[in-house]
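First the structure, in the form of structure tokens, and then the observations on it.
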Amino acid sequence: MGLLGMTMPKILQARAWEESRKVAPKAKNVIFLFQFGGPSHVDMFDMKPDAPSEYRSPHGQRRTSCPDIEINERLPELARLMDEVTVIRSVHHKMKNHNSAAYYALSGHAPATDDQRLRDTIDLYPAYGSVVDHLAPSRDTALPTFVSYPHHIGDGSRTPGQFASFLGKRHDPLFIPRDPNKEDFKIPELSLPEGLTLDRLQSRRGLQQIIDQQAHLLDHAAEAQGLDDYYTKALSMLHSPKVRKAFDLSQESSALRDRYGRTTYGQGCLLARRLVEHGVKFSTVYFSRSIGGRSKTDGGWDTHGFDNTRMFPIIEDYHLPITDQTLPTLLTDLKMRGLLDETLVIWMGEFGRTPKINKNASRDHWPQCYSVLLAGGGVKRGYIYGASDKLGEHPTEDPVTPEDLAATIYQLIGIDPNAMIIDTQDRPLPISSGKPIWDVIA
């Protein structure tokens, strides 16, 4: 009986996965657009025009190409493409601090405590892309499976969930800490120093000095894991014209670059499309380095209101326009190139904003209910999943956790959400404890 009790859950999980395989995974690639700081769901994709004035957005709603979806009137270009998008309006959790909530969003696992001081440690889970690199790496060994750029994000300390953690350095992303909007944007990590041949570089292991410039080691416990494999992969990239071409934004027309927007984030979204086109499986594009800023032209979505600055002018002048330029351009570009059906695009932050406007004419952190957008890669088009109450405070239908989002992402790219990974103490840990959201899968 003991033996049966040990094995039956595994058997049932295996059967469930076999059943799920009847829905063939369609996503070959993932573009994760992470909106650090927390976008306001009630000012974008789950507006409440009938709410009292202290809750209601100052912006009106706009009809979209999907009759069931209305969004902020200041997103006219995106409105034309909402028939390509699934909006999940019932995501929720309990993490109110940026580092804790962002780690949760980037890994699909909740930290033990909600702590603003949460730091990157080997005990915490790896990034989605690192799990993909571990369980389903790119077949082309000259290509990185996982690329991230152009920032390390953090609130006081670096946010966990951006690197491979206990999976080892071999599964870290190729991190590009450079602004793709710069005229001289290039990847020096993929170019040899003048006068240094590849043979000399390989013989003296001089690559370590180059690689360490673009990938920070997590801590001493991770340094010993996978360094040889990491260097081997990097040397393969140095050999590969395909990799160098993938990062060469000068190959794109000026007109297309203008459509994406001549901003760090806009050109980052264009770079993500190029990486998909060249076979990179998982790209994470960080909207900003910081949770927020005091300028109307930079920073993340953390719009509490500070000094004499109010939330709504910031999102009117910066956040909404840049979103309305980049996201629809990316989706259209992918579709025109025949890549959208096989590319899962995820647009999300770590939480939403308080439905009730605060005394600074702004909104605070609100993980109790918020919205996430999915497009392409096997998800339904023009679809709403879940619902919030009349104020946007709590889910009322089909509540979704970050664990469920994680399971859905893995399901869509053909990885068993019940798969296990091994930590530094040789303990098997599930890549997700959630369940795929079958209703959003086409």
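Residue numbers start at 1 in each chain; chains themselves are named A, B, ... in the order of the structure tokens; ligands are numbered from 1 in the order shown.
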
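Omitting region 256-262 of chain A and its sequence neighbours fewer than 4 positions away, and counting only C-alpha atoms, the residues within 7 Å are A:Asn181, A:Glu252, A:Gly266, A:Gln267, A:Leu270, A:Gln325, A:Thr326, A:Thr329.
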
What's around region 109-125 of chain A at 6 Å? Count only C-alpha atoms, leave out sequence neighbours fewer than 3 positions away in its own chain, and write the answer as a PyMOL selection string. chain A and resi 95+97+99-100+104+160+165-166

For a quick check of understanding, using only C-alpha atoms, which of A:Trp301, A:Tyr410, A:Tyr128, A:Phe163 has the smallest distance to His365 (chain A)?
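Using only C-alpha atoms, His365 (chain A) sits closest to A:Trp301.
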
Closest of A:Leu331, A:Val285, A:Val345, A:Leu374 to Val440 (chain A), counting only C-alpha atoms, is A:Leu374

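Residue nearest Cys269 (chain A) within the list A:Phe351, A:Gln425, A:Leu33, A:Met44: A:Leu33 [criterion: smallest interatomic distance, only C-alpha atoms].
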
Worksheet entry | For Leu373 (chain A), the nearest of the candidates A:Met348, A:Asp404, A:Ser432, A:Glu54, counting only C-alpha atoms |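 The closest residue to Leu373 (chain A) is A:Met348.
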
task = Tell me which protein, DNA and RNA residues are within 12 Å of Ala24 (chain A), counting only C-alpha atoms, leaving out same-chain ones fewer than 5 positions away, and put them as a list in words.
result = Trp17, Glu18, Glu19, Glu342, Gly377, Gly378, Val379, Gln411, Leu412, Ile413, Gly414, Ile415, Asp416, Ile441 and Ala442 of chain A

Expected file contents, prior selection, C-alpha atoms, as a PDB file, in the first residue's frame:
ATOM      1  CA  TRP A  17      -0.140  15.076 -19.115  1.00  0.00           C
ATOM      2  CA  GLU A  18      -0.792  12.494 -21.802  1.00  0.00           C
ATOM      3  CA  GLU A  19      -4.365  13.756 -22.049  1.00  0.00           C
ATOM      4  CA  GLU A 342       4.067  30.092 -33.073  1.00  0.00           C
ATOM      5  CA  GLY A 377       1.386  30.916 -29.533  1.00  0.00           C
ATOM      6  CA  GLY A 378      -1.815  28.886 -29.229  1.00  0.00           C
ATOM      7  CA  VAL A 379      -4.004  31.212 -27.132  1.00  0.00           C
ATOM      8  CA  GLN A 411       1.806  23.820 -21.475  1.00  0.00           C
ATOM      9  CA  LEU A 412       1.778  26.130 -24.491  1.00  0.00           C
ATOM     10  CA  ILE A 413       5.472  25.546 -25.240  1.00  0.00           C
ATOM     11  CA  GLY A 414       5.215  21.786 -24.822  1.00  0.00           C
ATOM     12  CA  ILE A 415       6.777  21.299 -21.387  1.00  0.00           C
ATOM     13  CA  ASP A 416       4.903  19.172 -18.863  1.00  0.00           C
ATOM     14  CA  ILE A 441      -5.846  27.729 -25.129  1.00  0.00           C
ATOM     15  CA  ALA A 442      -7.184  27.635 -28.684  1.00  0.00           C
TER      16      ALA A 442
END

note - CA of Gly60 (chain A) and CA of Leu320 (chain A) are separated by 13.3 Å

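Here the question is which of A:Asp324, A:Asp155, A:Lys242, A:Ser107 gets nearest to Ala407 (chain A) using only C-alpha atoms, and that residue is A:Ser107.
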
- Query: Within 7 Å of Ile421 (chain A), counting only C-alpha atoms, which residues qualify if same-chain residues fewer than 5 places away don't, as a VMD selection string?
  - Reply: chain A and resid 428 to 431

Asp248 (chain A) surroundings by only C-alpha atoms, 12 Å radius, close-in-sequence under 6 positions cut, as a PyMOL selection string:
chain A and resi 180-181+183-188+190+241-242+267-268+270-275+278

Would you write out those residues with C-alpha atoms, as a CSV table (one decimal), in the first residue's frame?
chain,number,residue,atom,x,y,z
A,180,PRO,CA,19.4,48.8,-28.4
A,181,ASN,CA,18.3,52.3,-29.2
A,183,GLU,CA,23.3,54.2,-32.8
A,184,ASP,CA,26.4,52.1,-31.9
A,185,PHE,CA,24.4,49.2,-30.4
A,186,LYS,CA,26.3,46.0,-30.8
A,187,ILE,CA,27.1,43.0,-28.8
A,188,PRO,CA,30.8,43.1,-27.9
A,190,LEU,CA,30.0,38.3,-29.4
A,241,PRO,CA,27.4,34.5,-37.9
A,242,LYS,CA,23.8,33.6,-37.3
A,267,GLN,CA,13.9,48.8,-30.0
A,268,GLY,CA,14.0,46.1,-27.4
A,270,LEU,CA,12.0,44.9,-32.3
A,271,LEU,CA,15.1,43.0,-31.2
A,272,ALA,CA,12.8,40.3,-29.6
A,273,ARG,CA,11.1,39.8,-33.0
A,274,ARG,CA,14.6,39.4,-34.6
A,275,LEU,CA,15.6,36.8,-32.0
A,278,HIS,CA,16.6,33.6,-35.8

| said: Calculated over only C-alpha atoms, which of the candidates A:Asp398, A:Asp140, A:Asp298, A:Glu403 has the smallest distance to Asp439 (chain A)? | reply: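 So, comparing all the options, the nearest one is A:Asp398.
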